[in-house]
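Q: You'll find target-v7.pdb just under this line, and it carries PDB, C-alpha atoms.
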ATOM      1  CA  MET A   1      42.318 -20.720 -87.333
ATOM      2  CA  ALA A   2      45.355 -19.062 -85.774
ATOM      3  CA  ILE A   3      48.357 -18.362 -87.951
ATOM      4  CA  THR A   4      51.987 -17.832 -87.098
ATOM      5  CA  ILE A   5      53.991 -14.878 -88.226
ATOM      6  CA  ASN A   6      57.591 -14.809 -89.372
ATOM      7  CA  ARG A   7      59.466 -13.067 -86.545
ATOM      8  CA  ASP A   8      62.780 -13.003 -88.412
ATOM      9  CA  VAL A   9      61.709  -9.821 -90.166
ATOM     10  CA  VAL A  10      62.727  -7.571 -87.260
ATOM     11  CA  GLY A  11      65.734  -5.525 -88.323
ATOM     12  CA  LYS A  12      65.099  -6.091 -91.999
ATOM     13  CA  GLU A  13      65.923  -3.077 -94.147
ATOM     14  CA  TYR A  14      64.258  -2.747 -97.518
ATOM     15  CA  PRO A  15      66.248  -1.451-100.490
ATOM     16  CA  PRO A  16      66.182   2.385-100.555
ATOM     17  CA  PHE A  17      63.880   3.727-103.250
ATOM     18  CA  PRO A  18      63.548   7.131-104.905
ATOM     19  CA  VAL A  19      60.274   9.037-105.109
ATOM     20  CA  THR A  20      59.718  12.126-107.204
ATOM     21  CA  VAL A  21      56.985  14.342-105.772
ATOM     22  CA  GLU A  22      54.605  15.108-108.612
ATOM     23  CA  ARG A  23      52.454  18.228-108.535
ATOM     24  CA  GLY A  24      49.407  16.400-109.892
ATOM     25  CA  ARG A  25      49.675  13.641-107.311
ATOM     26  CA  ILE A  26      49.731  16.182-104.464
ATOM     27  CA  LYS A  27      46.524  17.693-105.813
ATOM     28  CA  ASP A  28      44.846  14.300-106.376
ATOM     29  CA  PHE A  29      45.745  13.303-102.827
ATOM     30  CA  ALA A  30      44.340  16.506-101.300
ATOM     31  CA  ARG A  31      41.134  16.194-103.367
ATOM     32  CA  ALA A  32      40.714  12.521-102.392
ATOM     33  CA  ILE A  33      40.637  13.614 -98.740
ATOM     34  CA  GLY A  34      38.322  16.482 -99.644
ATOM     35  CA  ASP A  35      40.892  18.985 -98.361
ATOM     36  CA  LEU A  36      40.670  21.888-100.797
ATOM     37  CA  ASN A  37      43.305  24.056 -99.095
ATOM     38  CA  PRO A  38      44.623  26.461-101.785
ATOM     39  CA  PHE A  39      48.186  25.933-100.513
ATOM     40  CA  TYR A  40      47.870  22.356-101.842
ATOM     41  CA  LEU A  41      45.841  23.031-104.984
ATOM     42  CA  ASP A  42      46.539  26.506-106.351
ATOM     43  CA  ASP A  43      49.906  27.025-108.066
ATOM     44  CA  ALA A  44      49.588  30.832-107.899
ATOM     45  CA  VAL A  45      48.960  30.709-104.131
ATOM     46  CA  GLY A  46      51.950  28.375-103.821
ATOM     47  CA  ARG A  47      54.243  30.698-105.811
ATOM     48  CA  ALA A  48      53.293  33.649-103.586
ATOM     49  CA  SER A  49      53.774  31.610-100.373
ATOM     50  CA  PRO A  50      56.899  31.556 -98.163
ATOM     51  CA  TRP A  51      57.839  28.239 -99.869
ATOM     52  CA  GLY A  52      57.467  29.479-103.451
ATOM     53  CA  ASP A  53      55.367  26.477-104.477
ATOM     54  CA  ILE A  54      52.402  24.361-103.418
ATOM     55  CA  LEU A  55      52.754  22.194-100.311
ATOM     56  CA  ALA A  56      51.781  18.567 -99.798
ATOM     57  CA  PRO A  57      49.179  17.646 -97.149
ATOM     58  CA  PRO A  58      50.788  16.179 -94.001
ATOM     59  CA  THR A  59      49.732  12.591 -94.723
ATOM     60  CA  PHE A  60      50.895  12.664 -98.373
ATOM     61  CA  PRO A  61      54.128  10.674 -97.748
ATOM     62  CA  ILE A  62      51.993   7.579 -97.033
ATOM     63  CA  ALA A  63      51.746   7.366-100.834
ATOM     64  CA  PHE A  64      55.523   6.901-101.149
ATOM     65  CA  ARG A  65      56.204   3.380-102.303
ATOM     66  CA  ASP A  66      58.825   1.525-104.257
ATOM     67  CA  GLU A  67      57.354   1.296-107.753
ATOM     68  CA  ARG A  68      59.928  -1.351-108.717
ATOM     69  CA  ALA A  69      59.098  -3.633-105.799
ATOM     70  CA  ASP A  70      56.246  -6.028-105.176
ATOM     71  CA  SER A  71      53.663  -4.034-103.217
ATOM     72  CA  ALA A  72      52.965  -7.142-101.099
ATOM     73  CA  ALA A  73      56.616  -7.550-100.025
ATOM     74  CA  LEU A  74      55.893  -6.852 -96.344
ATOM     75  CA  LEU A  75      52.990  -9.288 -96.233
ATOM     76  CA  ARG A  76      55.054 -11.949 -97.980
ATOM     77  CA  ASP A  77      57.910 -11.407 -95.532
ATOM     78  CA  LEU A  78      55.485 -11.789 -92.631
ATOM     79  CA  GLY A  79      53.805 -14.784 -94.220
ATOM     80  CA  VAL A  80      50.295 -13.297 -94.042
ATOM     81  CA  ASP A  81      47.754 -12.046 -96.573
ATOM     82  CA  PHE A  82      45.806  -8.826 -97.103
ATOM     83  CA  SER A  83      42.720 -10.007 -95.268
ATOM     84  CA  ARG A  84      44.593 -10.333 -91.933
ATOM     85  CA  VAL A  85      46.134  -6.874 -91.666
ATOM     86  CA  LEU A  86      44.883  -3.589 -90.267
ATOM     87  CA  HIS A  87      46.571  -0.235 -89.892
ATOM     88  CA  GLY A  88      47.099   0.200 -86.158
ATOM     89  CA  GLU A  89      49.051   3.419 -85.773
ATOM     90  CA  GLN A  90      50.752   6.010 -87.938
ATOM     91  CA  GLU A  91      53.076   8.881 -87.156
ATOM     92  CA  PHE A  92      54.708  11.563 -89.284
ATOM     93  CA  GLU A  93      57.454  13.907 -88.172
ATOM     94  CA  PHE A  94      58.322  16.804 -90.469
ATOM     95  CA  HIS A  95      61.709  18.475 -90.582
ATOM     96  CA  GLY A  96      61.018  20.370 -93.791
ATOM     97  CA  GLN A  97      58.530  20.620 -96.660
ATOM     98  CA  LEU A  98      58.335  18.277 -99.636
ATOM     99  CA  ARG A  99      58.727  20.203-102.885
ATOM    100  CA  PRO A 100      57.004  19.402-106.186
ATOM    101  CA  GLY A 101      59.471  18.143-108.784
ATOM    102  CA  GLU A 102      62.067  17.103-106.198
ATOM    103  CA  THR A 103      63.265  13.531-105.821
ATOM    104  CA  TYR A 104      63.630  12.020-102.348
ATOM    105  CA  LEU A 105      65.121   8.784-101.108
ATOM    106  CA  CYS A 106      63.043   6.554 -98.814
ATOM    107  CA  ARG A 107      64.570   3.985 -96.467
ATOM    108  CA  THR A 108      62.275   1.587 -94.641
ATOM    109  CA  LYS A 109      63.215  -0.727 -91.810
ATOM    110  CA  ILE A 110      61.196  -3.108 -89.638
ATOM    111  CA  VAL A 111      62.112  -1.988 -86.123
ATOM    112  CA  ASP A 112      59.861  -4.035 -83.847
ATOM    113  CA  LEU A 113      57.340  -6.854 -83.681
ATOM    114  CA  TYR A 114      55.281  -7.710 -80.606
ATOM    115  CA  GLU A 115      52.149  -9.673 -79.828
ATOM    116  CA  LYS A 116      49.152  -8.813 -77.661
ATOM    117  CA  THR A 117      45.743 -10.289 -77.102
ATOM    118  CA  GLY A 118      42.898  -7.871 -77.669
ATOM    119  CA  ARG A 119      39.109  -8.126 -77.547
ATOM    120  CA  SER A 120      39.098  -9.817 -80.938
ATOM    121  CA  GLY A 121      41.868 -12.297 -80.139
ATOM    122  CA  PRO A 122      45.655 -12.512 -80.537
ATOM    123  CA  MET A 123      47.351  -9.899 -82.690
ATOM    124  CA  ALA A 124      50.873  -9.099 -83.822
ATOM    125  CA  PHE A 125      52.073  -5.507 -84.162
ATOM    126  CA  VAL A 126      54.719  -4.866 -86.816
ATOM    127  CA  VAL A 127      56.494  -1.507 -86.544
ATOM    128  CA  ARG A 128      58.190  -0.004 -89.603
ATOM    129  CA  GLU A 129      60.080   3.261 -89.826
ATOM    130  CA  THR A 130      60.765   5.152 -93.029
ATOM    131  CA  ALA A 131      63.194   8.053 -93.378
ATOM    132  CA  VAL A 132      62.693  10.375 -96.349
ATOM    133  CA  THR A 133      65.817  12.330 -97.269
ATOM    134  CA  ASP A 134      66.413  15.047 -99.828
ATOM    135  CA  ARG A 135      69.244  15.172-102.368
ATOM    136  CA  THR A 136      71.620  16.656 -99.779
ATOM    137  CA  GLY A 137      70.922  13.751 -97.406
ATOM    138  CA  GLU A 138      68.891  15.843 -94.953
ATOM    139  CA  ILE A 139      65.898  14.081 -93.413
ATOM    140  CA  VAL A 140      62.689  15.830 -94.485
ATOM    141  CA  VAL A 141      60.090  13.419 -93.088
ATOM    142  CA  THR A 142      60.150  10.365 -90.866
ATOM    143  CA  MET A 143      57.227   7.956 -90.716
ATOM    144  CA  ARG A 144      56.352   5.270 -88.203
ATOM    145  CA  HIS A 145      53.825   2.726 -89.359
ATOM    146  CA  VAL A 146      52.278   0.051 -87.124
ATOM    147  CA  THR A 147      50.588  -2.823 -88.947
ATOM    148  CA  VAL A 148      48.290  -5.088 -86.932
ATOM    149  CA  VAL A 149      48.053  -8.726 -87.993
ATOM    150  CA  ARG A 150      45.094 -10.725 -86.726
ATOM    151  CA  LEU A 151      46.641 -14.083 -85.799
TER     152      LEU A 151
ATOM    153  CA  MET B 152      47.481  34.694 -98.683
ATOM    154  CA  LYS B 153      48.749  34.343 -95.127
ATOM    155  CA  TYR B 154      49.929  30.805 -94.344
ATOM    156  CA  GLY B 155      49.747  30.878 -90.555
ATOM    157  CA  ARG B 156      46.110  31.321 -89.589
ATOM    158  CA  ILE B 157      46.697  31.951 -85.909
ATOM    159  CA  TYR B 158      49.510  33.436 -83.813
ATOM    160  CA  PHE B 159      51.295  31.570 -81.047
ATOM    161  CA  GLU B 160      50.356  34.289 -78.539
ATOM    162  CA  ASP B 161      46.653  33.858 -79.296
ATOM    163  CA  VAL B 162      46.632  30.169 -78.342
ATOM    164  CA  GLN B 163      46.088  29.037 -74.748
ATOM    165  CA  VAL B 164      46.375  25.608 -73.173
ATOM    166  CA  GLY B 165      42.863  24.143 -73.095
ATOM    167  CA  ASP B 166      41.738  25.849 -76.291
ATOM    168  CA  PRO B 167      39.645  23.597 -78.539
ATOM    169  CA  LEU B 168      40.636  22.711 -82.094
ATOM    170  CA  PRO B 169      37.584  23.805 -84.111
ATOM    171  CA  PRO B 170      35.671  20.632 -85.087
ATOM    172  CA  LEU B 171      35.731  19.515 -88.727
ATOM    173  CA  VAL B 172      32.876  17.304 -89.936
ATOM    174  CA  LYS B 173      33.649  14.974 -92.870
ATOM    175  CA  GLY B 174      31.441  12.527 -94.711
ATOM    176  CA  PRO B 175      29.130  10.707 -94.893
ATOM    177  CA  ILE B 176      31.763   8.291 -96.263
ATOM    178  CA  GLU B 177      30.887   7.001 -99.736
ATOM    179  CA  GLN B 178      32.442   4.092-101.618
ATOM    180  CA  ILE B 179      33.582   6.464-104.371
ATOM    181  CA  GLN B 180      35.725   8.380-101.865
ATOM    182  CA  LEU B 181      37.445   5.150-100.776
ATOM    183  CA  THR B 182      38.097   4.263-104.404
ATOM    184  CA  ARG B 183      39.470   7.719-105.049
ATOM    185  CA  TYR B 184      41.634   7.543-101.931
ATOM    186  CA  ALA B 185      42.971   4.139-103.041
ATOM    187  CA  GLY B 186      44.068   5.677-106.333
ATOM    188  CA  ALA B 187      45.599   8.748-104.711
ATOM    189  CA  SER B 188      47.429   6.843-101.959
ATOM    190  CA  GLY B 189      48.289   3.657-103.849
ATOM    191  CA  ASP B 190      46.613   1.516-101.160
ATOM    192  CA  PHE B 191      44.500  -0.897-103.188
ATOM    193  CA  ASN B 192      43.706  -3.362-100.397
ATOM    194  CA  PRO B 193      40.374  -4.842-101.596
ATOM    195  CA  ILE B 194      39.096  -4.762 -98.012
ATOM    196  CA  HIS B 195      38.257  -1.066 -98.661
ATOM    197  CA  GLN B 196      36.587  -1.722-102.027
ATOM    198  CA  ASP B 197      35.073  -5.181-102.269
ATOM    199  CA  GLU B 198      32.145  -5.980 -99.975
ATOM    200  CA  ALA B 199      32.385  -9.755-100.544
ATOM    201  CA  PHE B 200      36.153  -9.748 -99.853
ATOM    202  CA  ALA B 201      35.711  -7.679 -96.685
ATOM    203  CA  ARG B 202      32.982 -10.010 -95.392
ATOM    204  CA  ALA B 203      35.020 -13.122 -96.192
ATOM    205  CA  ALA B 204      37.923 -11.552 -94.269
ATOM    206  CA  GLY B 205      35.649 -11.397 -91.212
ATOM    207  CA  MET B 206      35.466  -7.603 -91.203
ATOM    208  CA  GLY B 207      31.690  -7.404 -91.622
ATOM    209  CA  GLY B 208      31.969  -5.373 -94.813
ATOM    210  CA  VAL B 209      33.960  -2.580 -96.395
ATOM    211  CA  PHE B 210      35.582   0.019 -94.156
ATOM    212  CA  ALA B 211      37.569   3.190 -94.821
ATOM    213  CA  HIS B 212      41.358   3.407 -94.972
ATOM    214  CA  GLY B 213      42.608   4.550 -91.570
ATOM    215  CA  MET B 214      44.790   6.991 -93.468
ATOM    216  CA  LEU B 215      41.715   8.725 -94.856
ATOM    217  CA  SER B 216      40.569   9.519 -91.305
ATOM    218  CA  MET B 217      44.116  10.633 -90.457
ATOM    219  CA  GLY B 218      43.938  12.912 -93.494
ATOM    220  CA  PHE B 219      40.730  14.401 -92.061
ATOM    221  CA  VAL B 220      42.468  15.017 -88.721
ATOM    222  CA  ALA B 221      45.361  16.683 -90.547
ATOM    223  CA  GLN B 222      42.863  18.883 -92.372
ATOM    224  CA  ALA B 223      41.272  19.928 -89.074
ATOM    225  CA  LEU B 224      44.751  20.925 -87.870
ATOM    226  CA  THR B 225      45.743  22.884 -90.975
ATOM    227  CA  ASP B 226      42.321  24.553 -91.299
ATOM    228  CA  TRP B 227      43.044  25.982 -87.851
ATOM    229  CA  ALA B 228      46.839  26.462 -87.805
ATOM    230  CA  GLY B 229      47.535  26.881 -91.516
ATOM    231  CA  ALA B 230      49.145  24.737 -94.215
ATOM    232  CA  GLY B 231      52.799  23.939 -93.609
ATOM    233  CA  THR B 232      52.591  24.290 -89.817
ATOM    234  CA  VAL B 233      52.429  20.598 -88.833
ATOM    235  CA  ARG B 234      55.672  19.309 -87.285
ATOM    236  CA  ARG B 235      54.386  16.044 -85.934
ATOM    237  CA  LEU B 236      51.189  14.028 -86.175
ATOM    238  CA  GLY B 237      50.805  10.598 -84.624
ATOM    239  CA  VAL B 238      47.574   8.630 -84.305
ATOM    240  CA  ARG B 239      46.148   5.304 -83.320
ATOM    241  CA  PHE B 240      43.210   3.855 -85.277
ATOM    242  CA  THR B 241      40.783   2.752 -82.573
ATOM    243  CA  ALA B 242      37.652   1.754 -84.500
ATOM    244  CA  LEU B 243      36.640   1.156 -88.108
ATOM    245  CA  VAL B 244      34.926   3.841 -90.179
ATOM    246  CA  ARG B 245      32.113   2.339 -92.247
ATOM    247  CA  LEU B 246      30.312   3.477 -95.368
ATOM    248  CA  ARG B 247      27.799   6.263 -94.567
ATOM    249  CA  ASP B 248      29.565   7.119 -91.300
ATOM    250  CA  THR B 249      30.216  10.764 -90.495
ATOM    251  CA  VAL B 250      33.646  11.569 -89.039
ATOM    252  CA  THR B 251      34.044  14.591 -86.767
ATOM    253  CA  CYS B 252      37.611  15.661 -86.017
ATOM    254  CA  ALA B 253      38.414  17.686 -82.918
ATOM    255  CA  GLY B 254      41.168  18.384 -80.453
ATOM    256  CA  ARG B 255      42.476  20.450 -77.583
ATOM    257  CA  VAL B 256      45.688  22.369 -76.897
ATOM    258  CA  ILE B 257      47.685  20.606 -74.175
ATOM    259  CA  ALA B 258      51.038  22.460 -74.168
ATOM    260  CA  LYS B 259      52.982  25.437 -75.579
ATOM    261  CA  SER B 260      56.724  25.966 -75.801
ATOM    262  CA  SER B 261      59.205  28.327 -77.446
ATOM    263  CA  LYS B 262      62.853  27.709 -78.193
ATOM    264  CA  ASP B 263      65.224  29.493 -80.582
ATOM    265  CA  ASP B 264      62.399  31.418 -82.244
ATOM    266  CA  VAL B 265      60.399  28.247 -82.906
ATOM    267  CA  HIS B 266      56.978  28.381 -81.272
ATOM    268  CA  LEU B 267      55.338  25.007 -80.808
ATOM    269  CA  VAL B 268      51.807  24.104 -79.792
ATOM    270  CA  GLU B 269      50.963  20.544 -78.840
ATOM    271  CA  LEU B 270      47.456  19.188 -79.176
ATOM    272  CA  GLU B 271      45.513  16.109 -78.295
ATOM    273  CA  VAL B 272      43.489  15.218 -81.407
ATOM    274  CA  TRP B 273      40.751  12.726 -82.136
ATOM    275  CA  ALA B 274      37.982  11.787 -84.564
ATOM    276  CA  GLU B 275      34.583  10.351 -83.700
ATOM    277  CA  ASN B 276      31.795   8.735 -85.676
ATOM    278  CA  GLN B 277      28.168   9.860 -85.513
ATOM    279  CA  ARG B 278      27.621   7.706 -82.405
ATOM    280  CA  GLY B 279      30.395   9.505 -80.535
ATOM    281  CA  GLU B 280      32.766   6.510 -80.756
ATOM    282  CA  ARG B 281      36.417   7.454 -81.206
ATOM    283  CA  VAL B 282      37.843   6.137 -84.465
ATOM    284  CA  VAL B 283      41.182   7.977 -84.201
ATOM    285  CA  THR B 284      43.110   9.312 -81.209
ATOM    286  CA  GLY B 285      46.482  11.003 -81.278
ATOM    287  CA  ARG B 286      48.828  13.885 -80.691
ATOM    288  CA  ALA B 287      49.982  16.697 -82.928
ATOM    289  CA  THR B 288      52.557  19.465 -82.815
ATOM    290  CA  VAL B 289      52.282  22.613 -84.925
ATOM    291  CA  ALA B 290      54.779  25.470 -85.281
ATOM    292  CA  LEU B 291      53.034  28.847 -85.240
ATOM    293  CA  PRO B 292      54.245  32.334 -86.170
ATOM    294  CA  SER B 293      54.800  34.783 -83.324
ATOM    295  CA  ARG B 294      53.705  38.434 -83.158
ATOM    296  CA  ALA B 295      57.075  39.267 -81.597
TER     297      ALA B 295
END
Can the structure in the file be given as structure tokens, please?
A:
Amino acid sequence: MAITINRDVVGKEYPPFPVTVERGRIKDFARAIGDLNPFYLDDAVGRASPWGDILAPPTFPIAFRDERADSAALLRDLGVDFSRVLHGEQEFEFHGQLRPGETYLCRTKIVDLYEKTGRSGPMAFVVRETAVTDRTGEIVVTMRHVTVVRL
Amino acid sequence: MKYGRIYFEDVQVGDPLPPLVKGPIEQIQLTRYAGASGDFNPIHQDEAFARAAGMGGVFAHGMLSMGFVAQALTDWAGAGTVRRLGVRFTALVRLRDTVTCAGRVIAKSSKDDVHLVELEVWAENQRGERVVTGRATVALPSRA
């Protein structure tokens, strides 16, 4: 049965939330992917590197979420449940490196929503952008996340 | 340990990104990835839930496959070199699937001492079906 999606979400900005990059979480993330690059896992290699510490794998910022918020906030705003959504597209742009121990501010906004009919029926595409800034306000990472809702 | 694994001057348009083979995908890896990423959607964990959702069973987080593609890039170019990575998830990765990541250099440019290489990237399952397609940009050190 087809469902309708709440289109009023376009333009919605979520409350900014802080994320502290934890050394152990970087390593857990790299190991979960099976990426054993010593620049992610070995503190001594990190210290001797041009950055002076371990790096995070490129896709690590996907783990940034507002711990104080309901993790289903987007789905509730759209009026859909878990079983209807798929990850359609994802993009990361890096302006600098995330540093262990540093706290960053994340700002997420819903920038677009459009519908298309694919092989498996009608779908809505919800586009969110997140800017991750450091304590000086410089953007370190931007993310673009496209969620597909099966209508 | 040298961070850049390849110099800008040694890369030519058309060069392949060395393939990286990952998997076969096991449920335990999806559970581990859920914990590491914070994405606990039961569709990646619970066979009954995934079937009831009409997905024909559990499938991998798209972000896990994107992580594999990122690994293919950094295994070649070095950690800390990725400036941009954007992908589309084009098919589901199932349990026991093997994911092979690959790519090809499509452009090179230099400006203000920043040397960028752009690649087309993708990942395929064991049947040769593309599960991820995308573009990446890496910044490489120069010999100059």
Q: Please check which residues have atoms at most 12 Å from (32.8, 9.4, -91.4) in the file's coordinates, counting all atoms listed in the file, and write them as a PyMOL selection string.
A: (chain A and resi 33) or (chain B and resi 171-178+180-181+210-213+215-220+242-252+274-283)
Q: Calculated over all atoms listed in the file, which of the candidates B:Ile157, B:Pro169, B:Glu271, B:Gly189 has the smallest distance to Phe64 (chain A)?
A: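 The closest residue to Phe64 (chain A) is B:Gly189.
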Q: Starting from chain A, keep only residues with some atom at most 7 Å from an atom of chain B, counting only C-alpha atoms, and report them as a list of chain:residue names.
A: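 On the chain A side, the interface is A:Arg25, A:Asp28, A:Phe29, A:Ala32, A:Ile33, A:Asp35, A:Phe39, A:Val45, A:Leu55, A:Pro58, A:Thr59, A:Ile62, A:Ala63, A:Phe82, A:Ser83, A:His87, A:Gly88, A:Glu89, A:Gln90, A:Glu91, A:Phe92, A:Glu93, A:Phe94, A:His95.
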Q: Taking all atoms listed in the file into account, which of A:Val146, A:Arg107, A:Asp43, A:Lys12 comes nearest Asp77 (chain A)?
A: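 Looking at the shortest contact to Asp77 (chain A), the residue is A:Lys12.
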Q: Which value, in Å to one decimal, gives the distance between CA of Tyr104 (chain A) and CA of Thr20 (chain A)?
A: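 These two atoms are separated by 6.2 Å.
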Q: May I have the residues within 7 Å of Ile26 (chain A) as a list in words, using only C-alpha atoms and disregarding those fewer than 4 positions away in the same chain?
A: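 What passes the distance filter is Glu22, Ala30, Tyr40 and Ala56 of chain A.
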Q: Could you spell out the hits of the PyMOL selection byres ((chain A and resi 114) around 6) on the shown file, as a PyMOL selection string?
A: chain A and resi 113+115+124-125
Q: CA of Asp134 (chain A) and CA of Cys106 (chain A), how far apart in Å?
A: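 Computed distance, CA of Cys106 (chain A) to CA of Asp134 (chain A), equals 9.2 Å.
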Q: Which value, in Å to one decimal, gives the distance between CA of Pro61 (chain A) and CA of Gly11 (chain A)?
A: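 The value is 22.0 Å.
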Q: With the PyMOL selection byres ((chain A and resi 128) around 6) as the selection, what would be picked from this file? Answer as a PyMOL selection string, please.
A: chain A and resi 109-111+127+129+144-145
Q: Would you pick out the contacts of Ser120 (chain A) at 12 Å or less, using all atoms listed in the file, so that residues sharing its chain but fewer than 3 positions from it are not included, and give the list as a list in words?
A: Lys116, Thr117, Met123, Val148, Val149, Arg150 and Leu151 of chain A; Gly205 and Met206 of chain B
Q: Apply the PyMOL selection byres ((chain A and resi 52) around 12) to the structure shown and report the selected residues as a ChimeraX atom specification.
A: /A:39,42-51,53-55,97-100 /B:154
Q: Take the residues from that selection and write them out as a compact mmCIF listing (two decimals), keeping the file's coordinate frame, keeping C-alpha atoms.
A:
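File result28.txt, as written:
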# COMPACT_ATOMS: atom_id res chain seq x y z
CA PHE A 39 48.19 25.93 -100.51
CA ASP A 42 46.54 26.51 -106.35
CA ASP A 43 49.91 27.02 -108.07
CA ALA A 44 49.59 30.83 -107.90
CA VAL A 45 48.96 30.71 -104.13
CA GLY A 46 51.95 28.38 -103.82
CA ARG A 47 54.24 30.70 -105.81
CA ALA A 48 53.29 33.65 -103.59
CA SER A 49 53.77 31.61 -100.37
CA PRO A 50 56.90 31.56 -98.16
CA TRP A 51 57.84 28.24 -99.87
CA ASP A 53 55.37 26.48 -104.48
CA ILE A 54 52.40 24.36 -103.42
CA LEU A 55 52.75 22.19 -100.31
CA GLN A 97 58.53 20.62 -96.66
CA LEU A 98 58.34 18.28 -99.64
CA ARG A 99 58.73 20.20 -102.88
CA PRO A 100 57.00 19.40 -106.19
CA TYR B 154 49.93 30.80 -94.34
Q: Please put the answer as AutoDock Vina command-line options: centre and edge lengths, in Å with one decimal, of a box along x, y and z that encloses all listed atoms of region 198-204 of chain B plus 4 Å on each side.
A:
--center_x 35.0 --center_y -9.6 --center_z -97.4 --size_x 13.8 --size_y 15.1 --size_z 14.3
Q: Got a sec to check which residues sit within 9 Å of (64.5, -7.3, -98.8), counting only C-alpha atoms, and write them as an mmCIF file with C-alpha atoms, keeping the file's coordinate frame?
A:
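Written file, result14.cif:
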data_model
loop_
_atom_site.group_PDB
_atom_site.id
_atom_site.type_symbol
_atom_site.label_atom_id
_atom_site.label_comp_id
_atom_site.auth_asym_id
_atom_site.auth_seq_id
_atom_site.Cartn_x
_atom_site.Cartn_y
_atom_site.Cartn_z
ATOM 1 C CA LYS A 12 65.099 -6.091 -91.999
ATOM 2 C CA GLU A 13 65.923 -3.077 -94.147
ATOM 3 C CA TYR A 14 64.258 -2.747 -97.518
ATOM 4 C CA PRO A 15 66.248 -1.451 -100.490
ATOM 5 C CA ALA A 73 56.616 -7.550 -100.025
ATOM 6 C CA LEU A 74 55.893 -6.852 -96.344
ATOM 7 C CA ASP A 77 57.910 -11.407 -95.532
#
